[in-house]
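A.B. asks: The following file, my_file23.csv, comprises CSV, C-alpha atoms (C1' of nucleotides):
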chain,number,residue,atom,x,y,z
A,29,MET,CA,-4.8,24.2,51.8
A,30,LEU,CA,-6.7,21.2,50.8
A,31,LYS,CA,-8.4,20.9,54.1
A,32,ASN,CA,-10.0,24.3,54.0
A,33,LYS,CA,-11.3,23.7,50.5
A,34,ASP,CA,-12.5,20.4,51.7
A,35,THR,CA,-14.8,21.7,54.4
A,36,LEU,CA,-16.2,24.2,51.9
A,37,THR,CA,-17.0,21.7,49.3
A,38,GLN,CA,-18.3,19.3,51.9
A,39,CYS,CA,-21.5,21.3,52.3
A,40,SER,CA,-22.3,21.8,48.6
A,41,LYS,CA,-21.5,18.1,48.0
A,42,LYS,CA,-24.5,17.0,50.0
A,43,VAL,CA,-26.8,19.4,48.2
A,44,ASN,CA,-26.4,19.1,44.5
A,45,ARG,CA,-23.1,17.5,43.9
A,46,LYS,CA,-23.1,14.5,41.7
A,47,SER,CA,-21.7,11.3,43.0
A,48,LYS,CA,-18.2,10.6,41.9
A,49,LEU,CA,-17.0,8.0,39.4
A,50,ILE,CA,-13.5,7.2,38.4
A,51,VAL,CA,-12.9,5.8,35.0
A,52,ILE,CA,-9.8,3.9,34.1
A,53,LEU,CA,-9.3,3.3,30.4
A,54,GLY,CA,-6.6,2.5,27.9
A,55,PRO,CA,-5.7,0.0,25.2
A,56,THR,CA,-5.7,-3.6,25.9
A,57,ALA,CA,-2.6,-4.9,27.9
A,58,SER,CA,-1.8,-1.4,29.1
A,59,GLY,CA,-2.4,-2.4,32.7
A,60,LYS,CA,-5.7,-0.8,33.4
A,61,SER,CA,-7.0,-3.6,35.6
A,62,ASP,CA,-4.0,-3.8,37.8
A,63,LEU,CA,-3.9,0.0,38.2
A,64,ALA,CA,-7.6,0.0,39.1
A,65,VAL,CA,-7.2,-2.6,41.7
A,66,LYS,CA,-4.3,-0.8,43.3
A,67,LEU,CA,-6.1,2.5,43.3
A,68,ALA,CA,-9.2,0.9,44.8
A,69,LYS,CA,-7.2,-0.5,47.7
A,70,SER,CA,-4.6,2.2,47.9
A,71,PRO,CA,-3.6,2.7,51.6
A,72,ALA,CA,-2.9,6.4,50.9
A,73,LEU,CA,-6.3,6.9,49.5
A,74,SER,CA,-8.1,4.9,52.1
A,75,LYS,CA,-7.2,7.7,54.5
A,76,ILE,CA,-10.0,9.6,52.9
A,77,GLU,CA,-13.1,8.5,54.7
A,78,GLY,CA,-15.3,6.1,52.8
A,79,PHE,CA,-12.8,5.5,50.2
A,80,ASN,CA,-13.0,1.9,49.2
A,81,GLY,CA,-13.2,1.0,45.6
A,82,GLU,CA,-15.2,-1.5,43.6
A,83,ILE,CA,-14.6,-2.2,40.0
A,84,VAL,CA,-17.2,-2.1,37.2
A,85,CYS,CA,-16.4,-3.7,33.9
A,86,ALA,CA,-16.4,-1.5,30.8
A,87,ASP,CA,-15.2,-4.2,28.5
A,88,SER,CA,-17.5,-5.7,25.9
A,89,ARG,CA,-15.9,-9.1,26.1
A,90,GLN,CA,-15.0,-9.6,29.7
A,91,VAL,CA,-18.7,-9.6,30.5
A,92,TYR,CA,-19.0,-13.1,29.0
A,93,ARG,CA,-18.8,-16.2,31.0
A,94,GLY,CA,-16.1,-18.7,30.4
A,95,MET,CA,-13.9,-16.5,28.3
A,96,SER,CA,-11.4,-15.7,31.0
A,97,ILE,CA,-8.1,-16.7,29.3
A,98,GLY,CA,-8.8,-15.2,25.9
A,99,THR,CA,-10.0,-11.9,27.2
A,100,ALA,CA,-7.3,-11.7,29.9
A,101,SER,CA,-10.0,-11.5,32.5
A,102,PRO,CA,-8.9,-9.9,35.8
A,103,SER,CA,-10.1,-13.0,37.6
A,104,LEU,CA,-7.0,-14.9,36.7
A,105,ARG,CA,-4.4,-12.1,37.1
A,106,SER,CA,-1.8,-11.0,39.5
A,107,PRO,CA,-2.5,-13.2,42.5
A,108,GLY,CA,-0.4,-10.8,44.6
A,109,LEU,CA,-2.8,-8.0,44.3
A,110,PRO,CA,-5.4,-7.1,46.9
A,111,VAL,CA,-8.9,-8.5,46.5
A,112,VAL,CA,-11.4,-6.0,45.2
A,113,ILE,CA,-15.1,-6.6,44.3
A,114,HIS,CA,-15.6,-6.8,40.6
A,115,HIS,CA,-19.0,-6.2,38.9
A,116,LEU,CA,-20.4,-7.1,35.5
A,117,PHE,CA,-17.6,-9.6,34.8
A,118,ASN,CA,-18.1,-13.1,33.6
A,119,PHE,CA,-21.8,-13.1,33.8
A,120,VAL,CA,-23.4,-13.4,30.4
A,121,GLU,CA,-23.6,-16.6,28.4
A,122,PRO,CA,-21.6,-16.2,25.2
A,123,ASN,CA,-24.7,-17.2,23.2
A,124,LYS,CA,-26.7,-14.3,24.5
A,125,PRO,CA,-24.9,-11.2,23.2
A,126,LEU,CA,-25.0,-8.1,25.3
A,127,ASN,CA,-25.3,-4.8,23.6
A,128,VAL,CA,-24.4,-1.2,24.6
A,129,ALA,CA,-27.8,-0.1,25.6
A,130,THR,CA,-28.3,-3.1,27.9
A,131,TYR,CA,-24.8,-2.7,29.2
A,132,LYS,CA,-25.4,0.9,30.0
A,133,LYS,CA,-28.5,0.3,32.1
A,134,MET,CA,-26.8,-2.4,34.1
A,135,ALA,CA,-23.6,-0.4,34.6
A,136,ILE,CA,-25.5,2.6,35.8
A,137,LYS,CA,-27.5,0.6,38.2
A,138,THR,CA,-24.3,-1.0,39.5
A,139,ILE,CA,-22.5,2.2,39.9
A,140,LYS,CA,-25.3,3.9,41.7
A,141,ASP,CA,-25.6,0.9,44.0
A,142,ILE,CA,-21.9,1.1,44.9
A,143,GLN,CA,-22.3,4.8,45.6
A,144,LYS,CA,-25.3,4.2,47.8
A,145,ARG,CA,-23.2,1.8,49.9
A,146,GLY,CA,-20.7,4.6,50.3
A,147,LYS,CA,-18.0,3.1,48.2
A,148,MET,CA,-16.1,4.4,45.2
A,149,PRO,CA,-16.9,2.9,41.8
A,150,PHE,CA,-14.1,2.4,39.3
A,151,LEU,CA,-15.3,1.9,35.7
A,152,VAL,CA,-12.5,0.0,34.1
A,153,GLY,CA,-12.3,-1.1,30.5
A,154,GLY,CA,-11.2,-0.5,26.9
A,155,THR,CA,-14.4,-0.5,25.0
A,156,GLY,CA,-14.7,3.1,23.8
A,157,LEU,CA,-18.4,3.1,23.1
A,158,TYR,CA,-19.2,1.5,26.5
A,159,VAL,CA,-17.2,4.0,28.3
A,160,LYS,CA,-18.8,6.8,26.3
A,161,ALA,CA,-22.2,5.5,27.0
A,162,ILE,CA,-21.7,6.1,30.7
A,163,VAL,CA,-19.5,9.1,30.6
A,164,ASP,CA,-21.6,11.1,28.1
A,165,ASN,CA,-24.8,9.5,29.3
A,166,LEU,CA,-25.8,8.5,25.7
A,167,LYS,CA,-29.4,8.3,25.1
A,168,PHE,CA,-30.0,5.5,22.7
A,169,PRO,CA,-33.0,5.4,20.4
A,170,LYS,CA,-35.5,3.3,22.2
A,171,MET,CA,-35.7,0.7,19.6
A,172,GLU,CA,-34.5,-2.8,20.1
A,173,PRO,CA,-32.8,-4.6,17.3
A,174,ASN,CA,-35.2,-6.3,15.1
A,175,ALA,CA,-33.8,-9.6,13.8
A,176,LYS,CA,-36.3,-10.1,11.0
A,177,LEU,CA,-35.9,-6.7,9.5
A,178,ARG,CA,-32.2,-6.9,9.8
A,179,LYS,CA,-32.0,-10.2,8.0
A,180,GLU,CA,-34.2,-8.8,5.2
A,181,LEU,CA,-32.1,-5.6,4.9
A,182,GLU,CA,-28.9,-7.6,5.0
A,183,GLN,CA,-29.7,-9.0,1.5
A,184,LYS,CA,-29.5,-5.5,0.0
A,185,THR,CA,-26.4,-3.7,-1.2
A,186,ALA,CA,-25.1,-0.6,0.5
A,187,PRO,CA,-26.3,1.8,-2.2
A,188,GLN,CA,-29.8,0.2,-2.0
A,189,LEU,CA,-29.8,0.7,1.7
A,190,PHE,CA,-28.7,4.2,1.4
A,191,GLY,CA,-31.5,4.9,-1.0
A,192,ILE,CA,-34.0,3.6,1.5
A,193,TYR,CA,-32.5,5.5,4.4
A,194,LYS,CA,-32.4,8.8,2.4
A,195,LYS,CA,-36.2,8.7,2.1
A,196,LEU,CA,-36.6,8.2,5.8
A,197,ASP,CA,-34.1,10.6,7.1
A,198,LYS,CA,-32.8,13.3,4.8
A,199,LYS,CA,-30.6,15.0,7.3
A,200,GLY,CA,-29.1,11.8,8.6
A,201,ALA,CA,-28.4,10.7,5.0
A,202,LEU,CA,-26.0,13.6,4.6
A,203,GLN,CA,-23.8,12.4,7.5
A,204,ILE,CA,-24.1,8.7,7.6
A,205,ASP,CA,-21.4,6.3,6.4
A,206,LYS,CA,-22.8,5.4,3.0
A,207,ASN,CA,-20.8,2.2,2.7
A,208,ASN,CA,-21.4,0.9,6.1
A,209,LYS,CA,-24.2,-1.6,5.8
A,210,ARG,CA,-24.4,-2.2,9.5
A,211,ARG,CA,-24.9,1.4,10.3
A,212,LEU,CA,-27.4,1.9,7.5
A,213,ILE,CA,-29.4,-1.1,8.6
A,214,ARG,CA,-29.6,0.2,12.2
A,215,ALA,CA,-30.6,3.7,11.0
A,216,ILE,CA,-33.3,2.3,8.8
A,217,GLU,CA,-34.5,0.0,11.6
A,218,VAL,CA,-34.9,3.0,14.0
A,219,CYS,CA,-36.7,5.2,11.4
A,220,LYS,CA,-39.1,2.5,10.2
A,221,ILE,CA,-40.2,1.3,13.6
A,222,THR,CA,-40.2,4.5,15.6
A,223,GLY,CA,-41.4,6.6,12.7
A,224,GLU,CA,-38.9,9.3,13.5
A,225,PRO,CA,-35.6,10.1,11.8
A,226,PHE,CA,-32.7,8.3,13.2
A,227,TRP,CA,-30.3,11.2,13.5
A,228,THR,CA,-32.4,13.3,15.8
A,229,GLN,CA,-32.7,10.3,18.2
A,230,ARG,CA,-29.0,10.2,18.9
A,231,GLN,CA,-28.7,12.3,21.9
A,232,LYS,CA,-26.7,12.9,25.0
A,233,ALA,CA,-28.4,13.4,28.3
A,234,ILE,CA,-27.1,15.4,31.3
A,235,PRO,CA,-24.1,13.5,32.8
A,236,LEU,CA,-25.1,11.3,35.7
A,237,PHE,CA,-21.8,11.5,37.6
A,238,ASP,CA,-18.9,13.6,38.5
A,239,ILE,CA,-16.3,11.9,36.5
A,240,LEU,CA,-12.5,11.6,36.5
A,241,GLN,CA,-11.1,9.8,33.5
A,242,ILE,CA,-7.7,8.4,33.8
A,243,GLY,CA,-6.0,6.9,30.8
A,244,ILE,CA,-3.0,4.6,30.8
A,245,ASN,CA,-0.9,3.8,27.8
A,246,ALA,CA,2.6,2.7,26.8
A,247,PRO,CA,4.8,3.5,23.9
A,248,LYS,CA,3.8,1.5,20.9
A,249,THR,CA,6.7,-0.9,20.8
A,250,GLU,CA,6.4,-1.6,24.5
A,251,LEU,CA,2.7,-2.3,24.2
A,252,GLU,CA,3.3,-4.6,21.3
A,253,LYS,CA,5.9,-6.5,23.3
A,254,ARG,CA,3.5,-6.8,26.2
A,255,ILE,CA,0.7,-8.0,23.9
A,256,LYS,CA,2.9,-10.7,22.4
A,257,LYS,CA,4.0,-11.8,25.9
A,258,ARG,CA,0.4,-11.9,27.1
A,259,THR,CA,-0.7,-14.0,24.1
A,260,GLU,CA,2.0,-16.4,24.8
A,261,LYS,CA,0.8,-16.6,28.3
A,262,MET,CA,-2.7,-17.3,27.2
A,263,PHE,CA,-1.5,-20.3,25.2
A,264,LYS,CA,0.3,-21.6,28.2
A,265,GLN,CA,-2.7,-21.1,30.4
A,266,GLY,CA,-4.7,-23.3,28.1
A,267,LEU,CA,-6.5,-21.0,25.6
A,268,GLU,CA,-7.0,-23.9,23.2
A,269,LYS,CA,-8.8,-25.9,25.9
A,270,GLU,CA,-11.0,-22.9,26.7
A,271,VAL,CA,-11.9,-22.3,23.1
A,272,LYS,CA,-12.8,-26.0,22.6
A,273,LYS,CA,-14.9,-26.1,25.6
A,274,LEU,CA,-16.8,-23.0,24.6
A,275,VAL,CA,-17.3,-24.2,21.1
A,276,LYS,CA,-18.5,-27.5,22.3
A,277,LYS,CA,-21.0,-25.9,24.6
A,278,TYR,CA,-22.3,-23.0,22.5
A,279,GLY,CA,-21.1,-23.5,18.9
A,280,TRP,CA,-19.5,-20.6,17.0
A,281,THR,CA,-21.8,-17.9,18.4
A,282,PRO,CA,-21.5,-14.4,17.0
A,283,VAL,CA,-19.7,-13.4,20.2
A,284,LEU,CA,-17.1,-16.1,19.8
A,285,GLN,CA,-16.7,-15.3,16.1
A,286,ASN,CA,-16.1,-11.7,16.9
A,287,THR,CA,-13.6,-12.0,19.7
A,288,ILE,CA,-9.9,-11.9,19.2
A,289,GLY,CA,-8.3,-15.0,20.6
A,290,TYR,CA,-11.3,-17.2,19.7
A,291,SER,CA,-12.3,-16.5,16.1
A,292,GLU,CA,-8.8,-17.3,14.9
A,293,TRP,CA,-9.4,-21.0,15.9
A,294,ARG,CA,-12.3,-21.2,13.6
A,295,ALA,CA,-12.1,-23.2,10.4
A,296,SER,CA,-13.2,-20.4,8.1
A,297,SER,CA,-11.3,-17.7,9.8
A,298,LYS,CA,-9.5,-15.6,7.2
A,299,PRO,CA,-5.9,-16.4,6.6
A,300,LEU,CA,-3.4,-13.6,6.6
A,301,GLY,CA,-1.5,-12.7,3.5
A,302,GLY,CA,1.3,-11.0,5.3
A,303,LEU,CA,2.1,-13.9,7.6
A,304,ASP,CA,1.8,-16.3,4.7
A,305,PHE,CA,-0.7,-18.2,6.8
A,306,PRO,CA,-1.3,-21.7,5.6
A,307,ARG,CA,-4.7,-23.0,4.7
A,308,SER,CA,-4.1,-25.9,7.0
A,309,HIS,CA,-5.0,-23.5,9.7
A,310,SER,CA,-8.5,-24.5,9.0
A,311,VAL,CA,-7.8,-27.5,11.2
A,312,ALA,CA,-6.9,-25.2,14.0
A,313,LEU,CA,-9.0,-26.9,16.6
A,314,THR,CA,-6.8,-29.9,16.3
A,315,ALA,CA,-3.7,-27.8,15.6
A,316,SER,CA,-0.2,-29.0,15.2
A,317,HIS,CA,2.6,-27.4,17.0
A,318,ALA,CA,3.6,-25.3,14.0
A,319,THR,CA,0.1,-24.2,13.3
A,320,LYS,CA,-0.4,-23.2,16.9
A,321,LYS,CA,2.6,-21.0,16.8
A,322,GLU,CA,1.2,-19.3,13.7
A,323,LEU,CA,-2.1,-19.0,15.4
A,324,GLN,CA,-0.4,-17.3,18.3
A,325,GLU,CA,1.2,-14.8,16.0
A,326,LEU,CA,-2.1,-14.1,14.3
A,327,ILE,CA,-3.8,-13.5,17.6
A,328,SER,CA,-1.0,-11.1,18.7
A,329,LEU,CA,-1.3,-9.2,15.4
A,330,HIS,CA,-5.0,-8.8,15.8
A,331,THR,CA,-4.6,-7.7,19.4
A,332,ILE,CA,-2.0,-5.1,18.4
A,333,GLN,CA,-4.4,-3.8,15.7
A,334,TYR,CA,-7.2,-3.7,18.2
A,335,ALA,CA,-5.1,-1.7,20.6
A,336,LYS,CA,-4.4,0.9,17.9
A,337,ARG,CA,-8.1,1.2,17.1
A,338,GLN,CA,-8.8,1.7,20.8
A,339,MET,CA,-6.3,4.6,20.9
A,340,THR,CA,-7.9,6.2,17.8
A,341,TRP,CA,-11.1,6.3,19.9
A,342,PHE,CA,-9.5,7.6,23.1
A,343,LYS,CA,-7.4,10.2,21.4
A,344,LYS,CA,-10.4,12.3,20.8
A,345,ASN,CA,-11.5,12.4,24.4
A,346,GLU,CA,-9.9,15.5,25.8
A,347,ARG,CA,-11.1,14.9,29.3
A,348,ILE,CA,-8.8,11.9,29.7
A,349,LEU,CA,-5.9,12.6,32.0
A,350,TRP,CA,-3.1,10.4,30.8
A,351,VAL,CA,-0.8,8.9,33.4
A,352,LYS,CA,2.3,6.8,33.2
A,353,ASN,CA,2.2,4.9,36.5
A,354,TYR,CA,0.3,4.4,39.7
A,355,GLN,CA,1.8,7.4,41.5
A,356,GLU,CA,0.6,9.8,38.9
A,357,ALA,CA,-2.8,8.2,38.9
A,358,ALA,CA,-3.0,8.2,42.7
A,359,ARG,CA,-2.2,11.9,42.7
A,360,LYS,CA,-5.0,12.7,40.2
A,361,VAL,CA,-7.5,10.6,42.2
A,362,LEU,CA,-6.5,12.4,45.4
A,363,THR,CA,-7.1,15.8,43.8
A,364,PHE,CA,-10.4,14.6,42.3
A,365,LEU,CA,-11.7,13.3,45.6
A,366,ASN,CA,-10.7,16.5,47.5
A,367,ASP,CA,-12.2,18.7,44.9
B,7,G,C1',27.2,-29.3,-15.1
B,8,C,C1',22.7,-29.5,-18.4
B,9,C,C1',17.4,-28.6,-19.3
B,10,G,C1',12.9,-26.3,-17.8
B,11,U,C1',10.1,-22.6,-15.1
B,12,G,C1',9.9,-18.1,-12.7
B,13,A,C1',11.5,-13.0,-10.9
B,14,U,C1',5.9,-7.0,-10.3
B,15,A,C1',5.4,-2.9,-3.3
B,16,G,C1',7.3,-5.0,3.4
B,17,C,C1',4.4,-9.9,1.9
B,18,C,C1',0.8,-12.5,-1.4
B,19,A,C1',-0.7,-11.7,-6.3
B,20,A,C1',-3.3,-10.0,-11.6
B,21,G,C1',-3.5,-8.2,-16.5
B,22,U,C1',-0.9,-5.6,-20.6
B,23,U,C1',-0.2,-10.0,-28.5
B,24,G,C1',4.7,-2.6,-27.0
B,25,G,C1',1.5,3.3,-26.0
B,26,U,C1',2.3,8.2,-19.4
B,27,C,C1',1.1,0.8,-17.6
B,28,A,C1',0.1,-1.2,-13.2
B,29,A,C1',-5.9,-4.7,-10.6
B,30,G,C1',-6.8,-7.0,-6.0
B,31,G,C1',-5.6,-8.7,-1.0
B,32,C,C1',-2.6,-8.4,3.5
B,33,A,C1',0.7,-5.5,6.4
B,34,C,C1',1.7,-0.3,7.7
B,35,G,C1',-0.1,5.0,8.7
B,36,C,C1',-4.5,8.1,9.6
B,37,C,C1',-9.6,8.5,10.6
B,38,U,C1',-15.2,7.6,11.5
B,39,C,C1',-18.3,5.8,15.4
B,40,U,C1',-25.4,6.2,19.6
B,41,G,C1',-28.8,-1.0,20.7
B,42,A,C1',-23.3,-6.3,16.8
B,43,A,C1',-18.2,-1.9,19.0
B,44,A,C1',-12.5,-7.1,20.3
B,45,A,C1',-17.8,-5.1,15.5
B,46,A,C1',-18.5,-2.4,10.9
B,47,G,C1',-16.7,1.3,7.5
B,48,G,C1',-13.6,5.3,5.1
B,49,C,C1',-8.9,7.7,3.4
B,50,G,C1',-3.7,7.2,2.5
B,51,C,C1',1.0,4.6,1.4
B,52,C,C1',4.5,1.4,-1.4
B,53,A,C1',6.3,-2.1,-7.2
B,54,U,C1',7.9,-4.4,-12.8
B,55,C,C1',15.8,-8.3,-10.7
B,56,U,C1',20.5,-6.3,-13.6
B,57,C,C1',22.8,-5.1,-18.2
B,58,A,C1',22.4,-4.8,-23.4
B,59,G,C1',19.5,-5.1,-28.1
B,60,U,C1',15.0,-4.0,-31.4
B,61,U,C1',11.7,0.4,-31.4
B,62,C,C1',9.3,7.0,-32.1
B,63,A,C1',7.9,4.1,-27.6
B,64,A,C1',9.8,-1.8,-23.5
B,65,U,C1',6.9,-3.7,-17.4
B,66,U,C1',5.5,-6.4,-22.0
B,67,C,C1',9.6,-8.7,-27.5
B,68,U,C1',15.0,-10.6,-28.0
B,69,G,C1',19.9,-11.9,-25.8
B,70,A,C1',23.2,-12.3,-21.6
B,71,G,C1',23.8,-12.1,-16.4
B,72,U,C1',22.1,-12.8,-11.3
B,73,C,C1',18.9,-15.3,-7.9
B,74,A,C1',15.0,-18.9,-6.7
B,75,C,C1',12.3,-23.5,-7.6
B,76,G,C1',11.8,-28.2,-10.1
B,77,G,C1',13.9,-32.1,-13.2
B,78,C,C1',18.1,-34.7,-15.3
B,79,A,C1',23.0,-36.0,-14.6
The structure in this file should be written as structure tokens.
C.D. replies:
Amino acid sequence: MLKNKDTLTQCSKKVNRKSKLIVILGPTASGKSDLAVKLAKSPALSKIEGFNGEIVCADSRQVYRGMSIGTASPSLRSPGLPVVIHHLFNFVEPNKPLNVATYKKMAIKTIKDIQKRGKMPFLVGGTGLYVKAIVDNLKFPKMEPNAKLRKELEQKTAPQLFGIYKKLDKKGALQIDKNNKRRLIRAIEVCKITGEPFWTQRQKAIPLFDILQIGINAPKTELEKRIKKRTEKMFKQGLEKEVKKLVKKYGWTPVLQNTIGYSEWRASSKPLGGLDFPRSHSVALTASHATKKELQELISLHTIQYAKRQMTWFKKNERILWVKNYQEAARKVLTFLND
RNA sequence: GCCGUGAUAGCCAAGUUGGUCAAGGCACGCCUCUGAAAAAGGCGCCAUCUCAGUUCAAUUCUGAGUCACGGCA
């Protein structure tokens, strides 16, 4: 049954069919990376001619160099798994932040290149916006962040910023998050420099690829358990050393300050009421045994919270096919490829 | 055993010289998302240790009890 269909679609494929892209997403610690590797090298799937996967990162932190342990980079995972080529991992200095728009350009270029070589790209990661940028082909306002203007606007209060924005973009003002300074600043930035209202510049373009989105998730309690275990493992793998090394080399860059597993080691990192976190944790970089344990708990908590936020993002995406295991995923991939 | 201090949400923690009391913060639940996204922001949820007294009215004042912490012995 599939064979007949196959020959039929084979023809049209060459004419105007978009190239295929498989997206694997889910919350942190759900097992995306392992699943992707297995799918990419699956013997069952390799029967299909030309099927041979390469992985492209869709994770806003795994792109940075030297942050392997804290971001659970695939480079140090599951030594038993087959070797698959990974792209856009571990390649940016943590003092040169990468943003969505730049990421999108690079990812698309990488995906197209993989397709050109006759291989199947797997976009793998948990950063909702990054995935969306590719899947929905988001068209970002062509306006690079302006550090000077941002600094200037940063001094103002949210109501003040809202006042400014209202004058520049009436329609946008009705919808924007009034209390969110970061968004207001970006919106003003775009309006001021491009001379056009921000809201009309947020657009989607025609999708670039024929996309299958596979989501993997676990029940909440199980995911929490896995996160705790993984955090413990990070400490054993030498997270402390990694953090120290990075801080020594780059200082507390915005990236390091904004990454779970790293920021917690910082002196001024916010203590947590619920955990009764001691002030002494400000000496985290020379942490005592007790403090380290608390630090580990804090990192686990932050990771669990992050996982929930990720799910909030993914829940909305109705095109995601949620699977429980490799078999289910493999079946979906097979159908997708034969389609 | 005696003296002192305290007891407010799952945790931390304000004010009320008596007026439907109940600020914050964290956790927890839900959500928003177009160049910082592991970011930023929004909404929701939960409370005065027990018993008695004074009073029109007690979370607040008084007494006793219970528990906790500190000191003395």
A.B. asks: For chain B, report every residue with an atom at most 10 Å from chain A (counting only C-alpha atoms (C1' of nucleotides)), formatted as a PyMOL selection string.
C.D. replies: chain B and resi 16-19+31-33+36-48
A.B. asks: For the atom pair atom CA of A:Gln265 and atom CA of A:Thr249, what is the interatomic distance in Å to one decimal place?
C.D. replies: 24.3 Å
A.B. asks: Please report the interatomic distance between atom C1' of B:U72 and atom C1' of B:C27 in Å with one decimal.
C.D. replies: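 For atom C1' of B:U72 relative to atom C1' of B:C27, the distance reads 25.8 Å.
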A.B. asks: What is the distance between atom CA of A:Pro107 and atom CA of A:Glu270, in Å to one decimal?
C.D. replies: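 Atom CA of A:Glu270 lies at a distance of 20.4 Å from atom CA of A:Pro107.
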A.B. asks: Of the residues A:Val51, A:Val120, A:Ile142, A:Leu63, which is the one nearest to A:Asn80, using only C-alpha atoms?
C.D. replies: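 Answer, going by the shortest atom-to-atom distance: A:Ile142.
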A.B. asks: So that I can check the surroundings of A:Met339, please list as number ranges by chain every protein, DNA and RNA residue that reaches within 8 Å of it, counting only C-alpha atoms (C1' of nucleotides) and ignoring chain neighbours fewer than 3 positions away.
C.D. replies: A: 54-55, 335-336, 342-343
A.B. asks: How would the residues just chosen look if you wrote them out with C-alpha atoms as a compact mmCIF listing (two decimals), in the coordinates of the input?
C.D. replies:
# COMPACT_ATOMS: atom_id res chain seq x y z
CA GLY A 54 -6.60 2.50 27.90
CA PRO A 55 -5.70 0.00 25.20
CA ALA A 335 -5.10 -1.70 20.60
CA LYS A 336 -4.40 0.90 17.90
CA PHE A 342 -9.50 7.60 23.10
CA LYS A 343 -7.40 10.20 21.40
A.B. asks: Give the answer as one residue: which of A:Lys248, A:Lys198, A:His115, A:Arg254 has the shortest atom-to-atom distance to A:Val152, using only C-alpha atoms?
C.D. replies: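 Checking each candidate against A:Val152, we get A:His115 as the closest.
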A.B. asks: Env of A:Ile139: 10 Å cut, atoms = all atoms listed in the file, seq-sep filter 2 positions within chain, self excluded. Answer as a CSV table (one decimal) with C-alpha atoms, keeping the file's coordinate frame.
C.D. replies:
chain,number,residue,atom,x,y,z
A,47,SER,CA,-21.7,11.3,43.0
A,48,LYS,CA,-18.2,10.6,41.9
A,49,LEU,CA,-17.0,8.0,39.4
A,82,GLU,CA,-15.2,-1.5,43.6
A,83,ILE,CA,-14.6,-2.2,40.0
A,84,VAL,CA,-17.2,-2.1,37.2
A,115,HIS,CA,-19.0,-6.2,38.9
A,134,MET,CA,-26.8,-2.4,34.1
A,135,ALA,CA,-23.6,-0.4,34.6
A,136,ILE,CA,-25.5,2.6,35.8
A,137,LYS,CA,-27.5,0.6,38.2
A,141,ASP,CA,-25.6,0.9,44.0
A,142,ILE,CA,-21.9,1.1,44.9
A,143,GLN,CA,-22.3,4.8,45.6
A,144,LYS,CA,-25.3,4.2,47.8
A,147,LYS,CA,-18.0,3.1,48.2
A,148,MET,CA,-16.1,4.4,45.2
A,149,PRO,CA,-16.9,2.9,41.8
A,150,PHE,CA,-14.1,2.4,39.3
A,151,LEU,CA,-15.3,1.9,35.7
A,237,PHE,CA,-21.8,11.5,37.6
A.B. asks: So, counting all atoms listed in the file, which residue among A:Lys261, A:Lys276, A:Ile162, A:Trp293 is closest to A:Lys140?
C.D. replies: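 Result for the nearest residue to A:Lys140: A:Ile162.
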A.B. asks: Nearest residue to B:A74 out of B:A29, B:A15, B:C9, B:C55, using only C-alpha atoms (C1' of nucleotides)?
C.D. replies: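 When distances to B:A74 are compared using only C-alpha atoms (C1' of nucleotides), the smallest one comes from B:C55.
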A.B. asks: I'd like the contact shell of B:C75 - 12 Å cut-off, all atoms listed in the file, skipping same-chain residues fewer than 6 positions apart - returned as a VMD selection string.
C.D. replies: chain B and resid 10 to 13
A.B. asks: What residues have an atom no more than 9 Å from (1.3, -7.4, -17.1) in the file's own frame, counting only C-alpha atoms (C1' of nucleotides), and can you write them as a PyMOL selection string?
C.D. replies: chain B and resi 14+20-22+27-28+54+65-66
A.B. asks: Can I get the selected residues back with C-alpha atoms (C1' of nucleotides), as a short mmCIF file (atom, residue, chain, number, x, y, z; two decimals), in the frame of the given file?
C.D. replies:
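This is the output file result_9.cif:
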data_model
loop_
_atom_site.label_atom_id
_atom_site.label_comp_id
_atom_site.auth_asym_id
_atom_site.auth_seq_id
_atom_site.Cartn_x
_atom_site.Cartn_y
_atom_site.Cartn_z
"C1'" U B 14 5.90 -7.00 -10.30
"C1'" A B 20 -3.30 -10.00 -11.60
"C1'" G B 21 -3.50 -8.20 -16.50
"C1'" U B 22 -0.90 -5.60 -20.60
"C1'" C B 27 1.10 0.80 -17.60
"C1'" A B 28 0.10 -1.20 -13.20
"C1'" U B 54 7.90 -4.40 -12.80
"C1'" U B 65 6.90 -3.70 -17.40
"C1'" U B 66 5.50 -6.40 -22.00
#
A.B. asks: Could you tell me, as an MDAnalysis selection string, which residues have any atom at most 10 Å from (20.7, -8.8, -26.8), counting only C-alpha atoms (C1' of nucleotides)?
C.D. replies: chainID B and resid 57:60 68:70
A.B. asks: Which neighbours of B:A63 fall inside 12 Å, counting all atoms listed in the file, when residues of the same chain fewer than 4 positions from it are skipped, and could you give them as a count of residues only?
C.D. replies: 3
A.B. asks: Out of B:C62, B:C67, B:C51, B:G77, which residue has the shortest atom-to-atom distance to B:U23 when counting all atoms listed in the file?
C.D. replies: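 Of B:C62, B:C67, B:C51, B:G77, the one nearest B:U23 is B:C67, counting all atoms listed in the file.
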A.B. asks: Tell me, as number ranges by chain, which residues lie within 6 Å of stretch 90-95 of chain A, counting all atoms listed in the file; anything in the same chain fewer than 4 positions away does not count.
C.D. replies: A: 116-122
